[in-house]
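**Q** This one is query.pdb, PDB, C-alpha atoms.
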ATOM      1  CA  MET A   1      36.465 -45.777  48.451
ATOM      2  CA  LEU A   2      32.881 -44.559  48.456
ATOM      3  CA  TRP A   3      33.894 -41.315  50.167
ATOM      4  CA  GLU A   4      36.713 -40.730  47.682
ATOM      5  CA  GLY A   5      34.274 -41.307  44.842
ATOM      6  CA  LEU A   6      31.908 -38.696  46.217
ATOM      7  CA  LEU A   7      34.729 -36.201  46.622
ATOM      8  CA  ASN A   8      35.798 -36.746  43.035
ATOM      9  CA  LEU A   9      32.229 -36.234  41.910
ATOM     10  CA  PHE A  10      31.916 -32.819  43.551
ATOM     11  CA  TYR A  11      35.572 -31.782  43.344
ATOM     12  CA  PRO A  12      37.107 -33.696  40.431
ATOM     13  CA  GLU A  13      40.833 -33.538  39.824
ATOM     14  CA  GLY A  14      41.819 -30.561  37.738
ATOM     15  CA  VAL A  15      39.192 -28.168  39.158
ATOM     16  CA  SER A  16      40.917 -24.937  40.124
ATOM     17  CA  CYS A  17      40.082 -21.573  41.628
ATOM     18  CA  SER A  18      38.686 -19.147  39.046
ATOM     19  CA  ILE A  19      40.861 -16.349  40.470
ATOM     20  CA  CYS A  20      44.287 -17.729  41.374
ATOM     21  CA  GLY A  21      44.258 -21.180  39.783
ATOM     22  CA  ASP A  22      44.959 -23.051  43.022
ATOM     23  CA  GLU A  23      43.258 -26.373  43.621
ATOM     24  CA  ILE A  24      39.691 -26.031  44.883
ATOM     25  CA  GLY A  25      39.115 -27.025  48.470
ATOM     26  CA  ASP A  26      35.929 -27.910  50.308
ATOM     27  CA  VAL A  27      33.847 -24.945  49.131
ATOM     28  CA  GLU A  28      30.491 -24.512  47.436
ATOM     29  CA  ILE A  29      31.741 -22.327  44.587
ATOM     30  CA  ASP A  30      34.748 -22.273  42.268
ATOM     31  CA  LEU A  31      36.874 -20.042  44.465
ATOM     32  CA  CYS A  32      39.536 -21.253  46.881
ATOM     33  CA  LYS A  33      39.355 -20.421  50.581
ATOM     34  CA  ASN A  34      42.129 -17.833  50.276
ATOM     35  CA  CYS A  35      40.359 -15.883  47.530
ATOM     36  CA  ILE A  36      37.041 -16.087  49.353
ATOM     37  CA  GLY A  37      38.844 -14.826  52.444
ATOM     38  CA  GLU A  38      39.742 -11.617  50.582
ATOM     39  CA  ILE A  39      36.054 -10.665  50.400
ATOM     40  CA  GLU A  40      34.467  -8.605  53.180
ATOM     41  CA  PHE A  41      31.017 -10.172  53.222
ATOM     42  CA  ILE A  42      28.063  -8.157  54.459
ATOM     43  CA  LYS A  43      26.631 -10.061  57.404
ATOM     44  CA  ASP A  44      25.134  -7.428  59.681
ATOM     45  CA  SER A  45      24.920  -3.674  60.319
ATOM     46  CA  PHE A  46      23.506  -2.913  56.881
ATOM     47  CA  CYS A  47      20.754  -0.609  55.673
ATOM     48  CA  GLU A  48      17.370  -2.335  55.785
ATOM     49  CA  LYS A  49      16.394  -0.716  52.487
ATOM     50  CA  CYS A  50      19.416  -0.824  50.164
ATOM     51  CA  GLY A  51      21.839  -3.147  51.998
ATOM     52  CA  LYS A  52      24.710  -0.662  52.252
ATOM     53  CA  ILE A  53      27.072  -1.003  55.236
ATOM     54  CA  LEU A  54      25.997   1.432  57.968
ATOM     55  CA  SER A  55      28.328   3.913  59.607
ATOM     56  CA  ASP A  56      26.115   3.863  62.710
ATOM     57  CA  ALA A  57      24.953   0.373  63.694
ATOM     58  CA  ASN A  58      22.210   1.913  65.848
ATOM     59  CA  LYS A  59      20.400   3.186  62.762
ATOM     60  CA  SER A  60      18.296   1.074  60.417
ATOM     61  CA  LEU A  61      18.706   3.145  57.240
ATOM     62  CA  CYS A  62      21.759   4.649  55.562
ATOM     63  CA  SER A  63      21.978   8.397  55.001
ATOM     64  CA  ASP A  64      20.899   8.048  51.347
ATOM     65  CA  CYS A  65      17.779   6.046  52.203
ATOM     66  CA  ARG A  66      16.839   8.449  55.002
ATOM     67  CA  ARG A  67      16.983  11.360  52.562
ATOM     68  CA  LYS A  68      15.332   9.766  49.553
ATOM     69  CA  ASP A  69      12.645   7.214  48.819
ATOM     70  CA  HIS A  70      13.447   4.406  46.384
ATOM     71  CA  TYR A  71      11.219   2.704  43.858
ATOM     72  CA  PHE A  72      12.557  -0.744  44.717
ATOM     73  CA  VAL A  73      11.343  -2.560  47.820
ATOM     74  CA  LYS A  74      14.651  -3.975  49.031
ATOM     75  CA  GLY A  75      18.263  -4.239  47.901
ATOM     76  CA  ARG A  76      21.025  -6.507  49.153
ATOM     77  CA  SER A  77      24.710  -6.909  48.269
ATOM     78  CA  VAL A  78      27.173  -9.735  48.786
ATOM     79  CA  GLY A  79      30.099  -7.671  50.032
ATOM     80  CA  VAL A  80      31.860  -4.344  50.358
ATOM     81  CA  TYR A  81      33.360  -2.854  47.197
ATOM     82  CA  GLU A  82      36.901  -3.038  48.551
ATOM     83  CA  LYS A  83      39.902  -5.380  48.570
ATOM     84  CA  GLY A  84      39.302  -8.761  46.958
ATOM     85  CA  LEU A  85      35.766  -8.209  45.687
ATOM     86  CA  LYS A  86      36.739  -4.930  44.014
ATOM     87  CA  GLU A  87      39.648  -6.715  42.306
ATOM     88  CA  TYR A  88      37.477  -9.630  41.159
ATOM     89  CA  ILE A  89      34.846  -7.314  39.674
ATOM     90  CA  TYR A  90      37.581  -5.409  37.854
ATOM     91  CA  LEU A  91      38.985  -8.641  36.401
ATOM     92  CA  PHE A  92      35.494  -9.707  35.391
ATOM     93  CA  LYS A  93      34.454  -6.434  33.738
ATOM     94  CA  TYR A  94      37.634  -5.025  32.251
ATOM     95  CA  ASN A  95      40.032  -7.967  31.852
ATOM     96  CA  ARG A  96      37.296 -10.136  30.333
ATOM     97  CA  TYR A  97      37.449 -12.925  32.911
ATOM     98  CA  ARG A  98      34.054 -14.231  31.795
ATOM     99  CA  ASN A  99      34.583 -17.411  33.813
ATOM    100  CA  LEU A 100      34.102 -15.340  36.974
ATOM    101  CA  ALA A 101      30.396 -15.024  36.157
ATOM    102  CA  ALA A 102      29.874 -18.496  37.637
ATOM    103  CA  PRO A 103      31.433 -18.101  41.118
ATOM    104  CA  LEU A 104      30.363 -14.476  41.496
ATOM    105  CA  GLY A 105      26.836 -15.353  40.405
ATOM    106  CA  ASP A 106      26.854 -18.246  42.862
ATOM    107  CA  LEU A 107      27.742 -15.854  45.679
ATOM    108  CA  MET A 108      24.742 -13.758  44.695
ATOM    109  CA  GLY A 109      22.598 -16.896  44.717
ATOM    110  CA  ILE A 110      23.687 -17.693  48.269
ATOM    111  CA  TYR A 111      22.704 -14.194  49.387
ATOM    112  CA  ILE A 112      19.364 -14.442  47.603
ATOM    113  CA  ASP A 113      18.649 -17.588  49.616
ATOM    114  CA  ARG A 114      19.557 -15.687  52.767
ATOM    115  CA  PHE A 115      17.647 -12.445  52.245
ATOM    116  CA  PHE A 116      14.850 -13.238  49.792
ATOM    117  CA  SER A 117      12.300 -15.945  49.081
ATOM    118  CA  ARG A 118      12.696 -17.701  45.733
ATOM    119  CA  ARG A 119       8.910 -17.838  45.469
ATOM    120  CA  ASP A 120       8.877 -14.051  45.548
ATOM    121  CA  PHE A 121      10.054 -13.589  41.951
ATOM    122  CA  ASP A 122       8.186 -13.903  38.671
ATOM    123  CA  LEU A 123      11.000 -12.495  36.543
ATOM    124  CA  ILE A 124      14.772 -12.057  36.741
ATOM    125  CA  THR A 125      16.368  -9.274  34.743
ATOM    126  CA  TYR A 126      19.446  -7.048  34.710
ATOM    127  CA  ILE A 127      20.652  -3.533  33.995
ATOM    128  CA  PRO A 128      21.272  -3.241  30.253
ATOM    129  CA  SER A 129      24.522  -1.957  28.776
ATOM    130  CA  HIS A 130      24.730   0.269  25.748
ATOM    131  CA  GLN A 131      25.995  -1.454  22.618
ATOM    132  CA  GLU A 132      29.183   0.616  22.677
ATOM    133  CA  ARG A 133      30.050  -0.710  26.148
ATOM    134  CA  ILE A 134      29.311  -4.254  25.029
ATOM    135  CA  ARG A 135      31.679  -3.802  22.077
ATOM    136  CA  GLU A 136      34.372  -2.557  24.471
ATOM    137  CA  ARG A 137      34.034  -5.436  26.967
ATOM    138  CA  GLY A 138      32.603  -8.153  24.766
ATOM    139  CA  PHE A 139      29.650  -8.771  27.092
ATOM    140  CA  ASN A 140      27.279  -7.242  29.635
ATOM    141  CA  GLN A 141      28.515  -8.381  33.038
ATOM    142  CA  ALA A 142      25.108  -7.887  34.679
ATOM    143  CA  ARG A 143      23.516 -10.186  32.103
ATOM    144  CA  LEU A 144      26.029 -12.967  32.776
ATOM    145  CA  LEU A 145      25.478 -12.655  36.527
ATOM    146  CA  ALA A 146      21.692 -12.691  36.086
ATOM    147  CA  ASN A 147      21.916 -15.784  33.888
ATOM    148  CA  ARG A 148      23.873 -17.594  36.596
ATOM    149  CA  VAL A 149      21.421 -16.485  39.272
ATOM    150  CA  GLY A 150      18.564 -17.719  37.085
ATOM    151  CA  GLU A 151      20.178 -21.142  36.808
ATOM    152  CA  ARG A 152      20.345 -21.402  40.603
ATOM    153  CA  LEU A 153      16.737 -20.263  41.036
ATOM    154  CA  ASN A 154      15.507 -22.361  38.124
ATOM    155  CA  LEU A 155      14.008 -19.215  36.628
ATOM    156  CA  GLU A 156      14.839 -17.752  33.230
ATOM    157  CA  SER A 157      16.734 -14.466  33.145
ATOM    158  CA  LYS A 158      15.417 -12.100  30.475
ATOM    159  CA  GLY A 159      16.470  -8.712  29.167
ATOM    160  CA  LEU A 160      13.456  -6.483  29.815
ATOM    161  CA  LEU A 161      14.988  -3.039  29.403
ATOM    162  CA  LYS A 162      17.012  -1.178  26.814
ATOM    163  CA  ARG A 163      18.865   2.117  26.970
ATOM    164  CA  ARG A 164      17.642   5.140  25.050
ATOM    165  CA  SER A 165      21.197   6.410  24.645
ATOM    166  CA  GLU A 166      24.698   6.072  26.007
ATOM    167  CA  THR A 167      25.499   7.748  29.311
ATOM    168  CA  ILE A 168      28.670   8.976  30.958
ATOM    169  CA  LYS A 169      30.081   6.238  33.205
ATOM    170  CA  GLN A 170      28.363   6.563  36.584
ATOM    171  CA  SER A 171      31.640   5.920  38.418
ATOM    172  CA  LYS A 172      32.998   9.230  37.085
ATOM    173  CA  LEU A 173      30.139  11.322  38.491
ATOM    174  CA  ALA A 174      29.108  12.773  41.841
ATOM    175  CA  ARG A 175      25.869  11.643  43.495
ATOM    176  CA  ALA A 176      23.603  14.380  42.087
ATOM    177  CA  GLU A 177      25.191  14.012  38.660
ATOM    178  CA  ARG A 178      24.568  10.245  38.664
ATOM    179  CA  ILE A 179      20.857  10.748  39.250
ATOM    180  CA  GLU A 180      20.601  13.274  36.423
ATOM    181  CA  ASN A 181      22.836  11.242  34.107
ATOM    182  CA  ILE A 182      20.656   8.130  34.259
ATOM    183  CA  LYS A 183      17.237   9.831  34.384
ATOM    184  CA  GLY A 184      14.949   8.696  31.560
ATOM    185  CA  LYS A 185      17.633   6.510  29.980
ATOM    186  CA  PHE A 186      15.783   3.164  30.288
ATOM    187  CA  ILE A 187      12.680   2.006  28.449
ATOM    188  CA  LEU A 188      10.881  -1.313  28.343
ATOM    189  CA  LYS A 189      11.636  -3.449  25.305
ATOM    190  CA  ASP A 190       8.875  -3.824  22.725
ATOM    191  CA  GLY A 191       6.394  -6.553  23.580
ATOM    192  CA  ILE A 192       7.503  -6.911  27.204
ATOM    193  CA  LEU A 193       4.719  -7.069  29.781
ATOM    194  CA  VAL A 194       5.467  -6.651  33.488
ATOM    195  CA  LYS A 195       2.032  -5.836  34.896
ATOM    196  CA  ASP A 196       1.545  -7.359  38.364
ATOM    197  CA  LYS A 197       4.971  -9.056  38.172
ATOM    198  CA  SER A 198       7.493  -9.278  40.998
ATOM    199  CA  ILE A 199      10.954  -8.656  39.553
ATOM    200  CA  LEU A 200      14.465  -9.441  40.769
ATOM    201  CA  LEU A 201      16.863  -6.861  39.299
ATOM    202  CA  VAL A 202      20.547  -7.820  39.039
ATOM    203  CA  ASP A 203      23.563  -5.513  38.757
ATOM    204  CA  ASP A 204      27.216  -5.695  39.741
ATOM    205  CA  ILE A 205      27.728  -2.615  41.952
ATOM    206  CA  TYR A 206      25.405  -0.495  44.097
ATOM    207  CA  THR A 207      26.692   2.980  44.966
ATOM    208  CA  THR A 208      24.043   5.718  45.135
ATOM    209  CA  GLY A 209      21.379   3.384  43.743
ATOM    210  CA  ALA A 210      20.567   5.802  40.922
ATOM    211  CA  THR A 211      20.789   3.141  38.204
ATOM    212  CA  VAL A 212      18.661   0.419  39.802
ATOM    213  CA  ASN A 213      16.233   3.058  41.061
ATOM    214  CA  GLU A 214      15.655   4.446  37.574
ATOM    215  CA  ALA A 215      15.147   0.938  36.197
ATOM    216  CA  SER A 216      12.718   0.144  39.023
ATOM    217  CA  LYS A 217      10.702   3.284  38.210
ATOM    218  CA  VAL A 218      10.267   2.118  34.606
ATOM    219  CA  PHE A 219       8.891  -1.237  35.772
ATOM    220  CA  LEU A 220       6.498   0.321  38.273
ATOM    221  CA  ASP A 221       5.271   2.827  35.691
ATOM    222  CA  LYS A 222       4.356  -0.170  33.520
ATOM    223  CA  GLY A 223       2.382  -1.839  36.284
ATOM    224  CA  ALA A 224       4.910  -4.142  37.951
ATOM    225  CA  ASP A 225       4.021  -5.200  41.503
ATOM    226  CA  LYS A 226       7.412  -4.788  43.182
ATOM    227  CA  ILE A 227      11.123  -4.698  42.428
ATOM    228  CA  GLN A 228      13.898  -6.183  44.571
ATOM    229  CA  VAL A 229      17.608  -5.757  43.874
ATOM    230  CA  ILE A 230      20.671  -7.978  44.259
ATOM    231  CA  THR A 231      24.197  -6.753  43.536
ATOM    232  CA  LEU A 232      27.671  -8.105  44.075
ATOM    233  CA  ALA A 233      29.106  -5.124  45.904
ATOM    234  CA  THR A 234      28.163  -1.914  47.639
ATOM    235  CA  GLY A 235      29.952   0.839  49.493
ATOM    236  CA  ARG A 236      29.880   2.116  53.033
ATOM    237  CA  ASP A 237      27.429   4.689  54.295
ATOM    238  CA  VAL A 238      28.905   8.170  54.490
ATOM    239  CA  GLU A 239      27.057  10.592  56.735
TER     240      GLU A 239
END
For the file at hand, write its structure as structure tokens.
**A**
Amino acid sequence: MLWEGLLNLFYPEGVSCSICGDEIGDVEIDLCKNCIGEIEFIKDSFCEKCGKILSDANKSLCSDCRRKDHYFVKGRSVGVYEKGLKEYIYLFKYNRYRNLAAPLGDLMGIYIDRFFSRRDFDLITYIPSHQERIRERGFNQARLLANRVGERLNLESKGLLKRRSETIKQSKLARAERIENIKGKFILKDGILVKDKSILLVDDIYTTGATVNEASKVFLDKGADKIQVITLATGRDVE
């Protein structure tokens, strides 16, 4: 009876998977084992700098990080932007499955515990969306993820940046175009102070790193100590 009571406390009747609706099993987050199994988690053979899956496991940095320095200290991602994770992010961003912020944010929290120290952050923030994008989707997905991460770390998530203007969607651009498209587009909000602060920057997808790199530059230019990045998904290194 005691054991059944504990099970009901952590997994009460009626709790279902946020993706497929099946009954939740013995898992830490609100996703069933089948839906979790569709995610290719990043466990090893990743770039020491940005966290991207390496094409050559004998190397420590991906081709991007070997060619270019980044303003952030370290980036890590939960999984590869393929299969299940790609589908879940699409549902979250474009089909307005806001309830996915909780399990997806929890996955990010698990990876933060694995690759970072909670004591290493003074501030948690996220990549801002332009107001037009927020009107289209109804929310900023990075903000919802950062809020969930903040709950797990017991640290408030705050919007520190704003966009100067709208940009072309990064996903529609080539690597060089992404860097140029996002350059100079972020500024610190009025009254925000980041001097000597260690910042955890949250976003949903890491591809070339142009977006989080530009945001990190803004923080460092304003005196921040260091920036570290956590995202849900990243790609594979392409030599």
**Q** Pull out every residue that the PyMOL selection byres ((chain A and resi 46-48) around 12) matches in the shown coordinates and put them as number ranges by chain.
**A** A: 41-45, 49-66, 73-80, 115, 234-237
**Q** Suppose a student applies the PyMOL selection byres ((chain A and resi 14-20) around 6) to this structure; what residues should they get, written as JSON, numbers by chain?
**A** {"A": [13, 21, 22, 23, 24, 30, 31, 32]}
**Q** Would you pick out the contacts of region 141-156 of chain A at 9 Å or less, using only C-alpha atoms, so that residues sharing its chain but fewer than 2 positions from it are not included, and give the list as a PyMOL selection string?
**A** chain A and resi 92-93+98+101-106+108-109+112+118+121-129+137+139+158-159+201-204+231
**Q** What is the CA of Gln131 (chain A) to CA of Thr211 (chain A) distance in Å?
**A**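 Here the two named atoms are 17.1 Å from each other.
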**Q** Please compute the CA of Lys195 (chain A)-CA of Ile227 (chain A) distance, one decimal, in Å.
**A**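 It comes out at 11.9 Å.
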